[in-house]
Amino acid sequence: MKGTILRIKRILFLSTIILLCYLVAFVIGEGRKNGINKYQDRNKDVLNHTILSSHFKQILKCQLNYPGQPRKKVIGLKKIKEIRAPAGPKSLRIMPDGRHIFVNSFYAYKIAIIDASTFKVVRAVKVYGNPVEVDFTKEGRLAWVSLYNKNKVVIINTEKGIIFKDIRVGRTPKVVATSPAQEWVYVSNWHSHTVSVIDAYNFIKVKDVHVGRVPRGISFTPDGRYAYVANMGGRTLSKIDVQNNHSVIKSIPVGFNPRHLVITKDGRYIYVSNNQENCVRKLDVVNDKVVGVAQVGSLPRTIVLLPNDERYLFVCNYGSNNIGIVDTERMRQFFTIKTSVHPIGVTVTPDGKYLWVSNYRTSLLYVYEILYSDESLF
């Protein structure tokens with residue numbers, strides 16, 4: 001008799017569990033039909049914290065997979081190439097065509113344009129000062145390069161490999177940034193504590209905007225309405241209203257020694273490398289408030305988002321001699337890869353397959369293949 005009662009209790013218990021699982025699966029399915037995604041995070045918690053048999057897990061898995069293609073998870077970097085560059089490769093950028101890498105060699109007074117598939121230099125340009133940073137107009141046909149020791153920006157015709165024009169800016173120019181519509185070029189001037197505004201169509205400087213101390217990084221919002229400038233000699237970003245005569249409208253606290261800025265494609269978040277605080281901060285652009293901090297390596301310099309999945313941010317940890325990879329959702333550096341001495345420049349190919357790093361001390365460029373795996377909830 002007792003055995004029969006026990007069996008009945010077990011059957012009832014298992015039936016209840018099965019019914020609950022199907023109920024959860026049904027609710028989730030209905031939520032997805034109505035475009036409601038909030039259940040997914042809750043379901044992950046169910047899977048992570050509830051002990052279920054493999055049969056019941058399989059029932060839920062059918063409902064909880066991400067829609068569309070499986071998400072890819074970055075699991076490592078594999079070095080595939082090492083290239084000797086002229087002395088002091090200060091920065092490098094993928095060009096707008098997605099097929100060439102533009103390298104500024106600070107001490108050599110040289111610029112190299114490298115074919116990203118063959119790793120060969122296809123064009124070399126000699127300049128008359130220390131090249132620091134670059135941005136592009138005319139689909140990459142014109143490259144705007146700051147010359148650190150000449151207080152100028154030179155404009156290079158990349159198809160011919162010649163200097164097309166130069167424009168005087170402030171003292172010790174650093175970052176060059178082009179507005180999304182390519183009508184303005186902003187240049188941060190370290191020792192003038194200004195940003196020079198250049199009319200990109202007529203190649204003339206129209207204004208110097210006073211910002212904070214030692215400005216460096218610049219990011220435009222995707223609509224071109226605002227520009228954010230990192231004041232490396234302080235604790236703030238200066239927010240500039242581009243459409244209102246390039247006026248500073250706000251000073252935003254972001255921690256000490258902000259250096260480099262990158263903005264997400266939708267313009268929602270800006271990531272800030274805080275050089276001397278060894279961290280990266282996440283700024284919500286909607287309310288201009290810091291919403292996250294990731295501790296990284298020593299002296300984080302240039303940062304770049306993975307173009308095909310902005311959950312991942314790569315950081316040049318200059319003092320640690322490595323590249324850090326940050327999960328931008330959790331704001332956590334989850335692994336590092338050793339580089340040569342003093343990694344300072346970093347860029348990613350548009351397809352998200354390859355990462356290029358310039359090592360300042362050794363004048364070596366490292367090319368890494370970005371390794372992925374399919375994410376699974378189980």
# chains A, B, ... in the order shown; residues from 1 in each chain; ligands from 1
>>> closest_atom_pairs(of="stretch 285-368 of chain A", to="stretch 76-79 of chain A", cutoff="8 Å", atoms="only C-alpha atoms", output="CSV")
residue,atom,partner,partner_atom,distance
A:Ile337,CA,A:Leu77,CA,7.0
A:Tyr366,CA,A:Lys79,CA,6.8
A:Val367,CA,A:Lys79,CA,5.8
A:Tyr368,CA,A:Lys79,CA,4.2
>>> write_last_selection(atoms="C-alpha atoms", output="mmCIF file, in the first residue's frame")
data_model
loop_
_atom_site.group_PDB
_atom_site.id
_atom_site.type_symbol
_atom_site.label_atom_id
_atom_site.label_comp_id
_atom_site.auth_asym_id
_atom_site.auth_seq_id
_atom_site.Cartn_x
_atom_site.Cartn_y
_atom_site.Cartn_z
ATOM 1 C CA ILE A 337 46.805 38.642 -24.883
ATOM 2 C CA TYR A 366 51.086 42.543 -34.783
ATOM 3 C CA VAL A 367 48.156 41.096 -36.733
ATOM 4 C CA TYR A 368 45.822 38.780 -34.830
#
>>> residues_around(residues="A:Gly233", least_positions_apart="6", cutoff="10 Å", atoms="only C-alpha atoms", output="PyMOL selection string")
chain A and resi 190+193+212-216+256-259
>>> residues_around(residues="A:Val341", least_positions_apart="3", cutoff="9 Å", atoms="only C-alpha atoms", output="mmCIF file with C-alpha atoms, in the first residue's frame")
data_model
loop_
_atom_site.group_PDB
_atom_site.id
_atom_site.type_symbol
_atom_site.label_atom_id
_atom_site.label_comp_id
_atom_site.auth_asym_id
_atom_site.auth_seq_id
_atom_site.Cartn_x
_atom_site.Cartn_y
_atom_site.Cartn_z
ATOM 1 C CA TYR A 318 50.350 50.197 -22.628
ATOM 2 C CA GLY A 319 52.062 49.535 -19.294
ATOM 3 C CA SER A 320 51.060 45.876 -19.092
ATOM 4 C CA ASN A 321 52.235 45.043 -22.637
ATOM 5 C CA ASN A 322 49.004 43.337 -23.562
ATOM 6 C CA ASN A 359 53.840 48.384 -30.552
ATOM 7 C CA TYR A 360 55.457 51.751 -29.920
ATOM 8 C CA ARG A 361 58.763 50.758 -28.328
ATOM 9 C CA THR A 362 59.729 47.928 -30.687
ATOM 10 C CA SER A 363 58.196 49.380 -33.883
ATOM 11 C CA LEU A 364 56.384 46.126 -34.587
#
>>> closest_residue(among="A:Ala85, A:Ile156, A:Leu237, A:Ile114", to="A:Gly98", atoms="only C-alpha atoms")
A:Ile114
>>> residues_around(residues="stretch 299-314 of chain A", least_positions_apart="4", cutoff="9 Å", atoms="only C-alpha atoms", output="JSON, numbers by chain")
{"A": [71, 72, 74, 91, 259, 260, 261, 262, 263, 264, 265, 271, 272, 273, 274, 275, 276, 277, 278, 279, 280, 318, 319, 320, 323, 324, 325, 326, 327, 328, 329, 330, 333, 343, 344, 345, 346, 347, 348, 349, 350, 351, 352, 355]}
>>> write_last_selection(atoms="C-alpha atoms", output="mmCIF file, in the first residue's frame")
data_model
loop_
_atom_site.group_PDB
_atom_site.id
_atom_site.type_symbol
_atom_site.label_atom_id
_atom_site.label_comp_id
_atom_site.auth_asym_id
_atom_site.auth_seq_id
_atom_site.Cartn_x
_atom_site.Cartn_y
_atom_site.Cartn_z
ATOM 1 C CA ARG A 71 25.734 34.844 -31.257
ATOM 2 C CA LYS A 72 29.486 34.549 -31.551
ATOM 3 C CA VAL A 74 35.228 36.071 -28.663
ATOM 4 C CA SER A 91 48.701 54.936 -34.322
ATOM 5 C CA ARG A 259 42.438 59.694 -23.061
ATOM 6 C CA HIS A 260 40.579 57.967 -25.873
ATOM 7 C CA LEU A 261 36.878 57.824 -26.792
ATOM 8 C CA VAL A 262 34.799 55.482 -28.937
ATOM 9 C CA ILE A 263 31.056 55.675 -29.504
ATOM 10 C CA THR A 264 28.615 52.900 -30.364
ATOM 11 C CA LYS A 265 26.982 52.862 -33.791
ATOM 12 C CA TYR A 271 33.625 54.317 -23.834
ATOM 13 C CA VAL A 272 36.464 56.258 -22.215
ATOM 14 C CA SER A 273 39.979 54.977 -21.487
ATOM 15 C CA ASN A 274 41.152 56.479 -18.185
ATOM 16 C CA ASN A 275 44.903 56.220 -18.635
ATOM 17 C CA GLN A 276 46.197 56.672 -15.077
ATOM 18 C CA GLU A 277 43.238 55.047 -13.361
ATOM 19 C CA ASN A 278 43.730 51.792 -15.305
ATOM 20 C CA CYS A 279 40.098 51.512 -16.270
ATOM 21 C CA VAL A 280 37.513 52.031 -19.011
ATOM 22 C CA TYR A 318 50.350 50.197 -22.628
ATOM 23 C CA GLY A 319 52.062 49.535 -19.294
ATOM 24 C CA SER A 320 51.060 45.876 -19.092
ATOM 25 C CA ILE A 323 45.669 43.729 -25.292
ATOM 26 C CA GLY A 324 42.675 43.468 -22.996
ATOM 27 C CA ILE A 325 39.238 42.335 -24.140
ATOM 28 C CA VAL A 326 36.313 43.904 -22.277
ATOM 29 C CA ASP A 327 32.759 42.597 -22.142
ATOM 30 C CA THR A 328 30.847 45.888 -22.473
ATOM 31 C CA GLU A 329 27.584 44.455 -21.118
ATOM 32 C CA ARG A 330 29.157 43.310 -17.860
ATOM 33 C CA GLN A 333 38.000 42.605 -18.831
ATOM 34 C CA PRO A 343 50.990 48.590 -27.467
ATOM 35 C CA ILE A 344 49.505 51.953 -28.361
ATOM 36 C CA GLY A 345 47.437 51.736 -31.554
ATOM 37 C CA VAL A 346 44.677 49.268 -32.376
ATOM 38 C CA THR A 347 42.171 48.790 -35.193
ATOM 39 C CA VAL A 348 39.816 46.034 -36.378
ATOM 40 C CA THR A 349 38.883 45.062 -39.928
ATOM 41 C CA PRO A 350 35.188 45.749 -40.750
ATOM 42 C CA ASP A 351 34.358 42.032 -40.961
ATOM 43 C CA GLY A 352 35.583 41.533 -37.391
ATOM 44 C CA LEU A 355 42.907 42.928 -35.099
#
